>>> print(open('target13.txt').read())   # compact mmCIF, C-alpha atoms and all ligand atoms
# COMPACT_ATOMS: atom_id res chain seq x y z
CA MET Q 292 -38.35 43.66 7.17
CA LYS Q 293 -38.62 41.24 4.22
CA LYS Q 294 -35.47 41.06 2.09
CA TYR Q 295 -35.34 40.28 -1.63
CA ALA Q 296 -32.41 40.02 -4.04
CA LEU Q 297 -32.81 40.40 -7.77
CA ILE Q 298 -29.85 38.85 -9.56
CA VAL Q 299 -29.82 40.14 -13.12
CA ALA Q 300 -28.20 37.88 -15.71
CA GLY Q 301 -30.30 38.51 -18.80
CA GLY Q 302 -27.40 39.71 -20.98
CA SER Q 303 -25.53 37.93 -23.76
CA GLY Q 304 -21.98 38.95 -22.84
CA THR Q 305 -20.89 40.42 -26.19
CA ARG Q 306 -17.68 41.92 -24.74
CA MET Q 307 -16.62 38.51 -23.41
CA GLY Q 308 -17.04 37.03 -26.89
CA SER Q 309 -17.34 33.44 -25.65
CA PRO Q 310 -19.74 30.88 -27.20
CA ILE Q 311 -21.40 30.41 -23.79
CA ALA Q 312 -22.66 33.62 -22.10
CA LYS Q 313 -20.28 34.76 -19.34
CA GLN Q 314 -22.77 34.21 -16.50
CA TYR Q 315 -22.58 30.43 -17.17
CA LEU Q 316 -18.78 30.17 -17.58
CA PRO Q 317 -17.09 28.15 -14.83
CA ILE Q 318 -14.84 29.61 -12.16
CA GLY Q 319 -13.56 27.29 -9.45
CA GLY Q 320 -15.50 24.39 -11.03
CA LYS Q 321 -18.99 25.93 -11.22
CA PRO Q 322 -20.81 28.66 -13.16
CA VAL Q 323 -20.25 32.30 -12.16
CA LEU Q 324 -23.97 32.69 -11.36
CA MET Q 325 -23.95 29.91 -8.78
CA HIS Q 326 -21.22 31.71 -6.83
CA THR Q 327 -23.28 34.91 -6.92
CA LEU Q 328 -26.49 33.26 -5.69
CA GLU Q 329 -24.57 31.46 -2.94
CA LYS Q 330 -23.10 34.76 -1.71
CA PHE Q 331 -26.59 36.09 -0.99
CA GLN Q 332 -27.84 32.87 0.57
CA ASP Q 333 -24.76 32.60 2.78
CA ALA Q 334 -25.12 36.26 3.86
CA ASP Q 335 -28.71 35.65 5.01
CA PRO Q 336 -30.73 32.51 4.14
CA GLU Q 337 -33.94 34.55 4.62
CA ILE Q 338 -33.25 36.65 1.50
CA GLU Q 339 -35.74 35.66 -1.23
CA LEU Q 340 -33.78 35.22 -4.45
CA THR Q 341 -35.02 35.98 -7.97
CA LEU Q 342 -32.81 35.22 -10.94
CA VAL Q 343 -33.43 37.06 -14.22
CA LEU Q 344 -32.23 35.10 -17.27
CA PRO Q 345 -32.93 35.14 -21.02
CA GLU Q 346 -36.03 32.94 -21.31
CA ALA Q 347 -34.35 30.80 -23.99
CA ASP Q 348 -31.67 29.85 -21.43
CA PHE Q 349 -34.08 28.45 -18.81
CA PRO Q 350 -33.62 24.78 -19.90
CA PHE Q 351 -29.81 25.21 -20.04
CA TRP Q 352 -29.76 26.75 -16.55
CA LYS Q 353 -31.97 23.97 -15.14
CA LYS Q 354 -29.58 21.39 -16.65
CA LEU Q 355 -26.59 23.17 -15.09
CA CYS Q 356 -28.36 23.17 -11.71
CA GLU Q 357 -28.91 19.40 -11.98
CA GLU Q 358 -25.31 18.74 -13.06
CA HIS Q 359 -23.95 20.75 -10.13
CA ALA Q 360 -26.60 19.57 -7.62
CA PHE Q 361 -27.26 23.28 -7.05
CA SER Q 362 -29.86 23.65 -4.32
CA VAL Q 363 -30.02 27.39 -3.52
CA PRO Q 364 -33.78 28.22 -3.82
CA HIS Q 365 -34.60 30.87 -6.42
CA HIS Q 366 -37.37 31.94 -8.83
CA LEU Q 367 -36.66 32.40 -12.53
CA VAL Q 368 -37.92 35.46 -14.40
CA PRO Q 369 -37.42 36.18 -18.15
CA GLY Q 370 -34.99 38.99 -18.98
CA GLY Q 371 -35.57 41.93 -21.30
CA ARG Q 372 -33.71 43.61 -24.14
CA SER Q 373 -31.64 45.84 -21.82
CA ARG Q 374 -30.49 45.68 -18.19
CA PHE Q 375 -33.22 48.21 -17.34
CA GLN Q 376 -35.91 45.94 -18.87
CA SER Q 377 -34.51 42.90 -17.06
CA VAL Q 378 -34.62 44.71 -13.70
CA LYS Q 379 -38.13 45.96 -14.46
CA ASN Q 380 -39.32 42.39 -15.21
CA GLY Q 381 -37.73 41.18 -11.97
CA LEU Q 382 -39.35 43.92 -9.90
CA GLU Q 383 -42.76 43.31 -11.46
CA SER Q 384 -42.49 39.64 -10.50
CA LEU Q 385 -42.35 40.62 -6.80
CA LYS Q 386 -46.00 40.77 -5.83
CA LEU Q 387 -45.66 42.56 -2.49
CA ASN Q 388 -44.55 46.18 -2.00
CA GLN Q 389 -43.06 46.08 1.47
CA GLY Q 390 -39.44 45.30 2.16
CA THR Q 391 -36.01 46.00 0.71
CA VAL Q 392 -34.57 44.66 -2.52
CA ALA Q 393 -30.91 44.32 -3.49
CA ILE Q 394 -30.39 44.52 -7.25
CA HIS Q 395 -27.14 42.81 -8.19
CA ASP Q 396 -25.33 41.89 -11.41
CA GLY Q 397 -25.14 38.11 -11.77
CA VAL Q 398 -21.60 38.59 -13.06
CA ARG Q 399 -20.30 40.08 -9.79
CA PRO Q 400 -19.64 36.87 -7.82
CA PHE Q 401 -17.06 38.46 -5.49
CA VAL Q 402 -19.40 40.73 -3.56
CA SER Q 403 -18.64 40.38 0.14
CA ARG Q 404 -21.03 39.21 2.85
CA GLU Q 405 -20.40 42.49 4.75
CA VAL Q 406 -21.39 44.64 1.76
CA ILE Q 407 -24.59 42.62 1.21
CA LEU Q 408 -25.64 42.91 4.85
CA GLN Q 409 -24.65 46.58 5.11
CA SER Q 410 -26.60 47.41 1.93
CA PHE Q 411 -29.80 45.95 3.42
CA ARG Q 412 -29.28 47.72 6.76
CA GLU Q 413 -28.64 51.12 5.17
CA ALA Q 414 -31.44 50.79 2.60
CA GLU Q 415 -33.87 50.02 5.42
CA ALA Q 416 -32.77 53.15 7.26
CA LYS Q 417 -32.21 55.54 4.33
CA GLY Q 418 -34.31 54.19 1.43
CA SER Q 419 -31.31 53.27 -0.76
CA ALA Q 420 -27.74 51.96 -0.50
CA ILE Q 421 -25.41 52.02 -3.50
CA ALA Q 422 -22.03 50.24 -3.25
CA VAL Q 423 -19.15 52.40 -4.53
CA ILE Q 424 -15.37 52.42 -4.28
CA PRO Q 425 -12.82 55.26 -4.51
CA LEU Q 426 -10.47 55.55 -7.49
CA LYS Q 427 -6.81 54.56 -7.24
CA ASP Q 428 -5.64 56.05 -10.54
CA SER Q 429 -5.59 59.68 -11.64
CA ILE Q 430 -8.35 60.59 -14.06
CA ARG Q 431 -8.78 62.99 -17.00
CA LYS Q 432 -11.84 64.25 -18.82
CA LEU Q 433 -11.66 64.29 -22.63
CA THR Q 434 -12.99 67.36 -24.42
CA ASP Q 435 -14.62 67.54 -27.86
CA ASP Q 436 -11.68 69.56 -29.23
CA GLY Q 437 -9.17 66.78 -28.48
CA ARG Q 438 -7.72 68.05 -25.20
CA SER Q 439 -7.89 66.43 -21.77
CA ILE Q 440 -8.47 68.07 -18.41
CA PHE Q 441 -7.22 66.93 -14.98
CA GLN Q 442 -10.02 65.94 -12.58
CA GLU Q 443 -9.90 65.89 -8.80
CA ARG Q 444 -10.38 62.18 -8.16
CA GLN Q 445 -11.56 62.62 -4.58
CA TYR Q 446 -14.89 63.79 -6.04
CA PHE Q 447 -15.46 60.56 -8.01
CA ARG Q 448 -16.50 57.01 -7.14
CA LEU Q 449 -16.74 53.78 -9.15
CA VAL Q 450 -20.25 52.38 -8.89
CA GLN Q 451 -20.83 48.68 -8.22
CA THR Q 452 -23.79 46.56 -7.27
CA PRO Q 453 -25.57 45.66 -4.99
CA GLN Q 454 -27.82 48.68 -5.27
CA THR Q 455 -30.42 48.14 -2.57
CA PHE Q 456 -33.69 50.03 -2.19
CA ASP Q 457 -36.98 50.35 -0.43
CA LEU Q 458 -39.08 48.00 -2.58
CA SER Q 459 -42.11 50.24 -3.16
CA LYS Q 460 -39.91 53.22 -4.12
CA ILE Q 461 -37.78 51.34 -6.66
CA LYS Q 462 -40.90 49.70 -8.16
CA GLN Q 463 -42.38 53.17 -8.63
CA ALA Q 464 -39.11 54.46 -10.11
CA PHE Q 465 -39.00 51.69 -12.74
CA LYS Q 466 -42.47 52.63 -14.07
CA VAL Q 467 -40.82 55.35 -16.22
CA GLN Q 468 -39.80 55.00 -19.83
CA GLU Q 469 -36.17 53.87 -20.22
CA LEU Q 470 -33.69 56.72 -20.80
CA GLY Q 471 -30.20 56.52 -22.30
CA HIS Q 472 -28.40 57.50 -19.08
CA PHE Q 473 -29.99 54.68 -17.05
CA THR Q 474 -26.78 52.62 -16.79
CA ASP Q 475 -27.70 51.30 -13.35
CA ASP Q 476 -30.55 51.36 -10.81
CA ALA Q 477 -29.33 54.43 -8.91
CA THR Q 478 -29.87 56.60 -12.00
CA VAL Q 479 -33.47 55.32 -12.29
CA PHE Q 480 -34.12 56.04 -8.58
CA GLU Q 481 -32.59 59.54 -8.90
CA HIS Q 482 -34.78 60.32 -11.91
CA GLN Q 483 -37.68 60.58 -9.39
CA GLY Q 484 -35.86 63.47 -7.70
CA TRP Q 485 -34.69 61.27 -4.81
CA GLN Q 486 -31.07 61.30 -3.55
CA VAL Q 487 -29.14 58.03 -3.42
CA HIS Q 488 -27.18 57.00 -0.35
CA LEU Q 489 -23.66 55.63 -1.00
CA ILE Q 490 -21.97 52.85 0.98
CA ALA Q 491 -18.46 51.38 0.72
CA GLY Q 492 -18.24 48.45 -1.71
CA ASN Q 493 -15.49 45.82 -1.74
CA PRO Q 494 -12.71 46.29 -4.31
CA GLU Q 495 -12.63 42.64 -5.50
CA ASN Q 496 -16.33 42.89 -6.45
CA ILE Q 497 -15.45 43.17 -10.15
CA LYS Q 498 -18.00 42.94 -12.94
CA ILE Q 499 -16.83 40.07 -15.14
CA THR Q 500 -16.96 41.70 -18.56
CA THR Q 501 -13.95 40.74 -20.76
CA PRO Q 502 -11.68 37.65 -21.05
CA GLU Q 503 -9.04 39.31 -18.78
CA ASP Q 504 -11.71 39.51 -16.06
CA MET Q 505 -12.17 35.71 -16.28
CA GLU Q 506 -8.44 35.23 -15.70
CA PHE Q 507 -8.61 37.55 -12.68
CA ALA Q 508 -11.72 35.73 -11.41
CA ASP Q 509 -9.88 32.38 -11.60
CA PHE Q 510 -7.01 33.96 -9.68
CA LEU Q 511 -9.36 35.35 -6.99
CA ILE Q 512 -11.14 31.99 -6.55
CA GLY Q 513 -7.79 30.24 -6.22
CA LYS Q 514 -6.59 32.81 -3.66
CA LYS Q 515 -9.76 32.41 -1.57
CA ARG Q 516 -9.28 28.65 -1.51
CA GLY Q 517 -5.68 29.19 -0.43
N1 LIG C 601 -30.62 42.64 -21.27
C1 LIG C 601 -29.81 42.53 -20.21
C2 LIG C 601 -28.48 43.01 -20.26
C3 LIG C 601 -27.66 42.83 -19.15
N2 LIG C 601 -28.15 42.21 -18.04
C4 LIG C 601 -27.27 41.90 -16.91
O1 LIG C 601 -26.71 43.08 -16.36
C5 LIG C 601 -25.43 42.79 -15.81
C6 LIG C 601 -24.40 43.82 -16.26
O2 LIG C 601 -24.41 43.88 -17.68
P1 LIG C 601 -23.17 43.60 -18.63
O3 LIG C 601 -21.94 43.32 -17.88
O4 LIG C 601 -23.16 44.67 -19.66
O5 LIG C 601 -23.60 42.20 -19.29
P2 LIG C 601 -23.93 41.86 -20.80
O6 LIG C 601 -24.99 42.76 -21.33
O7 LIG C 601 -24.21 40.40 -20.81
O8 LIG C 601 -22.51 42.13 -21.50
P3 LIG C 601 -22.18 42.94 -22.83
O9 LIG C 601 -22.58 44.37 -22.55
O10 LIG C 601 -20.71 42.75 -23.01
O11 LIG C 601 -23.00 42.32 -23.92
C7 LIG C 601 -25.06 41.37 -16.26
O12 LIG C 601 -25.20 40.47 -15.16
C8 LIG C 601 -26.05 41.09 -17.35
O13 LIG C 601 -26.39 39.71 -17.52
C9 LIG C 601 -29.48 41.79 -18.00
O14 LIG C 601 -29.92 41.26 -16.98
N3 LIG C 601 -30.28 41.95 -19.09
C1 LIG C 602 -24.82 48.31 -12.99
C2 LIG C 602 -23.33 48.47 -13.18
O1 LIG C 602 -22.68 47.24 -12.95
C3 LIG C 602 -22.81 49.46 -12.15
O2 LIG C 602 -21.45 49.64 -12.33
C4 LIG C 602 -22.99 48.96 -14.57
O3 LIG C 602 -23.51 50.24 -14.78
C5 LIG C 602 -23.45 48.01 -15.66
O4 LIG C 602 -22.94 48.48 -16.89
P1 LIG C 602 -23.00 47.61 -18.21
O5 LIG C 602 -22.45 48.47 -19.32
O6 LIG C 602 -24.44 47.23 -18.40
O7 LIG C 602 -22.10 46.45 -17.97
>>> encode(input="target13.txt", output="structure tokens")
Amino acid sequence: MKKYALIVAGGSGTRMGSPIAKQYLPIGGKPVLMHTLEKFQDADPEIELTLVLPEADFPFWKKLCEEHAFSVPHHLVPGGRSRFQSVKNGLESLKLNQGTVAIHDGVRPFVSREVILQSFREAEAKGSAIAVIPLKDSIRKLTDDGRSIFQERQYFRLVQTPQTFDLSKIKQAFKVQELGHFTDDATVFEHQGWQVHLIAGNPENIKITTPEDMEFADFLIGKKRG
């Protein structure tokens, strides 16, 4: 079955607060996004890659690719005002309806090869595959009257990407109007009344969001290089 990956990097990285958006910041000598694209190509060179970026950044990205002699083949698609709109643009750019598509945050460069391959296998068999990890800390729910209530953490999971789907189903799901609780692609899929299938993610697959995450990313890259 044909495999696609939609790497979404259409955001501006306000929580990082750096002059250059976080997806272009260097770790281990090259931009975060290049590591992410390479992860998918290394997992399976047959995966067709689409990169969603703010349209105004296209010339900057092309310059970065030249500077780094970056040769992983990919199509560029303009992002939207929210993650939902960026994913929608990316899905609409895929002209065929058959296959599976992994939707992945460009700022998660530490996704493992095993998780990528497993997500495609399970999505082919079950229609969806959402990478999640269990919690290590205890958790509490805050109430409106200022109290907090213990929660049984075994019933919770942290949700990562990739979130991989049957292509025709996820295209159909994204035809809806955007709702406030659509924080990821699983919530959009579920809105159709379909159940999502969870798979085990890899714990180092962090979403680079704040300056501390960049420090951790530098540490992880260094550790991998030994
Ligand atoms: N309009 C948007 C907003 C976000 N994203 C992407 O969705 C992923 C997860 O979003 P997040 O970490 O929130 O990125 P930003 O929106 O860039 O960060 P912030 O919320 O701090 O501004 C990122 O790869 C980001 O580039 C996107 O493609 N299009
Ligand atoms: C899609 C996601 O990375 C899953 O954990 C997350 O929901 C993105 O959230 P953000 O607030 O847009 O960073």
>>> closest_residue(input="target13.txt", among="Q:Cys356, Q:Leu458, Q:Val363, Q:Ile318", to="Q:Gly390", atoms="only C-alpha atoms")
Q:Leu458
>>> residues_near_ligand(input="target13.txt", ligand="ligand LIG 602 (chain C)", cutoff="9 Å", atoms="all atoms listed in the file", output="ChimeraX atom specification")
/Q:302,304,373-375,394-396,398-399,422-423,449-454,473-477,497-500
>>> closest_residue(input="target13.txt", among="Q:Lys514, Q:Arg372, Q:His488, Q:Lys313", to="Q:Ser410", atoms="only C-alpha atoms")
Q:His488
>>> atom_distance(input="target13.txt", atom1="atom O12 of ligand LIG 601 (chain C)", atom2="atom CA of Q:Ala464")
20.4 Å
>>> atom_distance(input="target13.txt", atom1="atom CA of Q:Ala334", atom2="atom CA of Q:Arg404")
5.1 Å
>>> atom_distance(input="target13.txt", atom1="atom CA of Q:Pro364", atom2="atom CA of Q:Ala393")
16.4 Å
>>> closest_residue(input="target13.txt", among="Q:Gly381, Q:Gly437, Q:Gly471, Q:Pro494", to="ligand LIG 601 (chain C)", atoms="only C-alpha atoms and all ligand atoms")
Q:Gly381
>>> closest_residue(input="target13.txt", among="Q:Asn496, Q:Gln409, Q:Gln468, Q:Ser429", to="Q:Gln376", atoms="all atoms listed in the file")
Q:Gln468
>>> axis_aligned_box(input="target13.txt", around="ligand LIG 601 (chain C)", padding_each_side="6 Å", output="lines of an AutoDock Vina configuration file")
center_x = -25.7
center_y = 42.2
center_z = -19.5
size_x = 21.9
size_y = 17.0
size_z = 20.8
>>> closest_residue(input="target13.txt", among="Q:Val378, Q:Leu328, Q:Met292, Q:Val467", to="ligand LIG 601 (chain C)", atoms="all atoms listed in the file")
Q:Val378
>>> residues_around(input="target13.txt", residues="Q:Gly319", least_positions_apart="6", cutoff="10 Å", atoms="only C-alpha atoms", output="PyMOL selection string")
chain Q and resi 326+508-513+516
>>> residues_around(input="target13.txt", residues="Q:Leu387", least_positions_apart="3", cutoff="10 Å", atoms="all atoms listed in the file", output="PyMOL selection string")
chain Q and resi 293+382-384+390+458-459
>>> closest_residue(input="target13.txt", among="Q:Gln332, Q:Thr501, Q:Thr434, Q:Gln445", to="ligand LIG 601 (chain C)", atoms="all atoms listed in the file")
Q:Thr501
>>> decode(input="target13.txt", residues="stretch 295-397 of chain Q", atoms="C-alpha atoms", output="PDB file, in the first residue's frame")
ATOM      1  CA  TYR Q 295       2.722   9.146   2.638  1.00  0.00           C
ATOM      2  CA  ALA Q 296       4.095  11.307   5.441  1.00  0.00           C
ATOM      3  CA  LEU Q 297       2.853  14.807   6.110  1.00  0.00           C
ATOM      4  CA  ILE Q 298       5.409  16.725   8.145  1.00  0.00           C
ATOM      5  CA  VAL Q 299       3.697  19.784   9.599  1.00  0.00           C
ATOM      6  CA  ALA Q 300       5.930  22.763  10.333  1.00  0.00           C
ATOM      7  CA  GLY Q 301       3.667  25.708   9.568  1.00  0.00           C
ATOM      8  CA  GLY Q 302       3.882  27.244  13.058  1.00  0.00           C
ATOM      9  CA  SER Q 303       5.829  30.260  14.291  1.00  0.00           C
ATOM     10  CA  GLY Q 304       7.138  28.833  17.566  1.00  0.00           C
ATOM     11  CA  THR Q 305       5.906  31.553  19.942  1.00  0.00           C
ATOM     12  CA  ARG Q 306       6.736  29.513  23.071  1.00  0.00           C
ATOM     13  CA  MET Q 307      10.343  29.096  21.911  1.00  0.00           C
ATOM     14  CA  GLY Q 308      10.647  32.878  21.544  1.00  0.00           C
ATOM     15  CA  SER Q 309      13.638  32.700  19.184  1.00  0.00           C
ATOM     16  CA  PRO Q 310      14.088  35.073  16.208  1.00  0.00           C
ATOM     17  CA  ILE Q 311      14.209  32.064  13.859  1.00  0.00           C
ATOM     18  CA  ALA Q 312      11.224  29.649  14.103  1.00  0.00           C
ATOM     19  CA  LYS Q 313      12.140  26.512  16.076  1.00  0.00           C
ATOM     20  CA  GLN Q 314      11.756  24.133  13.118  1.00  0.00           C
ATOM     21  CA  TYR Q 315      14.806  25.796  11.476  1.00  0.00           C
ATOM     22  CA  LEU Q 316      17.030  25.983  14.583  1.00  0.00           C
ATOM     23  CA  PRO Q 317      20.131  23.774  14.360  1.00  0.00           C
ATOM     24  CA  ILE Q 318      20.697  20.644  16.412  1.00  0.00           C
ATOM     25  CA  GLY Q 319      23.806  18.595  15.707  1.00  0.00           C
ATOM     26  CA  GLY Q 320      24.778  21.054  12.935  1.00  0.00           C
ATOM     27  CA  LYS Q 321      21.570  21.074  10.875  1.00  0.00           C
ATOM     28  CA  PRO Q 322      17.978  22.313  11.178  1.00  0.00           C
ATOM     29  CA  VAL Q 323      15.528  20.310  13.302  1.00  0.00           C
ATOM     30  CA  LEU Q 324      13.306  19.715  10.249  1.00  0.00           C
ATOM     31  CA  MET Q 325      16.066  18.010   8.277  1.00  0.00           C
ATOM     32  CA  HIS Q 326      16.491  15.435  11.056  1.00  0.00           C
ATOM     33  CA  THR Q 327      12.734  14.792  11.019  1.00  0.00           C
ATOM     34  CA  LEU Q 328      12.535  14.308   7.240  1.00  0.00           C
ATOM     35  CA  GLU Q 329      15.585  12.024   7.320  1.00  0.00           C
ATOM     36  CA  LYS Q 330      13.953   9.832   9.973  1.00  0.00           C
ATOM     37  CA  PHE Q 331      11.080   9.028   7.608  1.00  0.00           C
ATOM     38  CA  GLN Q 332      13.299   8.525   4.585  1.00  0.00           C
ATOM     39  CA  ASP Q 333      15.644   6.243   6.525  1.00  0.00           C
ATOM     40  CA  ALA Q 334      12.683   4.228   7.876  1.00  0.00           C
ATOM     41  CA  ASP Q 335      11.415   3.565   4.337  1.00  0.00           C
ATOM     42  CA  PRO Q 336      12.678   5.419   1.233  1.00  0.00           C
ATOM     43  CA  GLU Q 337       9.337   4.636  -0.486  1.00  0.00           C
ATOM     44  CA  ILE Q 338       7.430   6.989   1.833  1.00  0.00           C
ATOM     45  CA  GLU Q 339       6.332  10.068  -0.164  1.00  0.00           C
ATOM     46  CA  LEU Q 340       7.155  13.134   1.923  1.00  0.00           C
ATOM     47  CA  THR Q 341       5.183  16.385   2.039  1.00  0.00           C
ATOM     48  CA  LEU Q 342       6.454  19.278   4.122  1.00  0.00           C
ATOM     49  CA  VAL Q 343       3.990  21.951   5.253  1.00  0.00           C
ATOM     50  CA  LEU Q 344       5.661  25.329   5.887  1.00  0.00           C
ATOM     51  CA  PRO Q 345       4.528  28.963   6.129  1.00  0.00           C
ATOM     52  CA  GLU Q 346       4.550  30.081   2.483  1.00  0.00           C
ATOM     53  CA  ALA Q 347       6.700  33.116   3.347  1.00  0.00           C
ATOM     54  CA  ASP Q 348       9.443  30.718   4.541  1.00  0.00           C
ATOM     55  CA  PHE Q 349       9.750  28.782   1.259  1.00  0.00           C
ATOM     56  CA  PRO Q 350      12.773  30.808  -0.016  1.00  0.00           C
ATOM     57  CA  PHE Q 351      14.498  30.534   3.397  1.00  0.00           C
ATOM     58  CA  TRP Q 352      13.944  26.758   3.482  1.00  0.00           C
ATOM     59  CA  LYS Q 353      15.253  26.343  -0.078  1.00  0.00           C
ATOM     60  CA  LYS Q 354      18.368  28.321   0.897  1.00  0.00           C
ATOM     61  CA  LEU Q 355      18.873  26.116   3.967  1.00  0.00           C
ATOM     62  CA  CYS Q 356      18.545  23.009   1.772  1.00  0.00           C
ATOM     63  CA  GLU Q 357      21.250  24.352  -0.564  1.00  0.00           C
ATOM     64  CA  GLU Q 358      23.568  25.297   2.314  1.00  0.00           C
ATOM     65  CA  HIS Q 359      23.247  21.831   3.856  1.00  0.00           C
ATOM     66  CA  ALA Q 360      23.219  19.945   0.513  1.00  0.00           C
ATOM     67  CA  PHE Q 361      19.954  18.427   1.753  1.00  0.00           C
ATOM     68  CA  SER Q 362      18.737  15.911  -0.805  1.00  0.00           C
ATOM     69  CA  VAL Q 363      15.762  14.116   0.817  1.00  0.00           C
ATOM     70  CA  PRO Q 364      12.964  14.455  -1.813  1.00  0.00           C
ATOM     71  CA  HIS Q 365       9.858  16.278  -0.571  1.00  0.00           C
ATOM     72  CA  HIS Q 366       7.001  18.500  -1.805  1.00  0.00           C
ATOM     73  CA  LEU Q 367       6.315  21.867  -0.190  1.00  0.00           C
ATOM     74  CA  VAL Q 368       2.779  22.909   0.736  1.00  0.00           C
ATOM     75  CA  PRO Q 369       1.757  26.263   2.324  1.00  0.00           C
ATOM     76  CA  GLY Q 370       0.659  26.100   5.961  1.00  0.00           C
ATOM     77  CA  GLY Q 371      -2.493  27.552   7.488  1.00  0.00           C
ATOM     78  CA  ARG Q 372      -3.376  29.672  10.503  1.00  0.00           C
ATOM     79  CA  SER Q 373      -3.598  26.671  12.878  1.00  0.00           C
ATOM     80  CA  ARG Q 374      -2.137  23.160  12.979  1.00  0.00           C
ATOM     81  CA  PHE Q 375      -5.544  21.851  11.828  1.00  0.00           C
ATOM     82  CA  GLN Q 376      -5.472  24.147   8.759  1.00  0.00           C
ATOM     83  CA  SER Q 377      -1.885  23.141   7.959  1.00  0.00           C
ATOM     84  CA  VAL Q 378      -2.769  19.430   8.086  1.00  0.00           C
ATOM     85  CA  LYS Q 379      -5.871  20.075   5.978  1.00  0.00           C
ATOM     86  CA  ASN Q 380      -3.770  21.868   3.315  1.00  0.00           C
ATOM     87  CA  GLY Q 381      -1.299  18.987   3.324  1.00  0.00           C
ATOM     88  CA  LEU Q 382      -4.025  16.364   2.943  1.00  0.00           C
ATOM     89  CA  GLU Q 383      -5.703  18.288   0.133  1.00  0.00           C
ATOM     90  CA  SER Q 384      -2.396  18.359  -1.741  1.00  0.00           C
ATOM     91  CA  LEU Q 385      -2.411  14.535  -1.909  1.00  0.00           C
ATOM     92  CA  LYS Q 386      -4.359  13.831  -5.065  1.00  0.00           C
ATOM     93  CA  LEU Q 387      -4.991  10.110  -4.580  1.00  0.00           C
ATOM     94  CA  ASN Q 388      -7.218   8.558  -1.898  1.00  0.00           C
ATOM     95  CA  GLN Q 389      -5.652   5.152  -1.456  1.00  0.00           C
ATOM     96  CA  GLY Q 390      -2.892   4.434   1.004  1.00  0.00           C
ATOM     97  CA  THR Q 391      -1.838   5.374   4.519  1.00  0.00           C
ATOM     98  CA  VAL Q 392      -0.576   8.735   5.717  1.00  0.00           C
ATOM     99  CA  ALA Q 393       1.542   9.484   8.789  1.00  0.00           C
ATOM    100  CA  ILE Q 394       0.941  12.986  10.124  1.00  0.00           C
ATOM    101  CA  HIS Q 395       3.950  14.119  12.139  1.00  0.00           C
ATOM    102  CA  ASP Q 396       5.079  17.321  13.860  1.00  0.00           C
ATOM    103  CA  GLY Q 397       8.185  18.700  12.155  1.00  0.00           C
TER     104      GLY Q 397
END
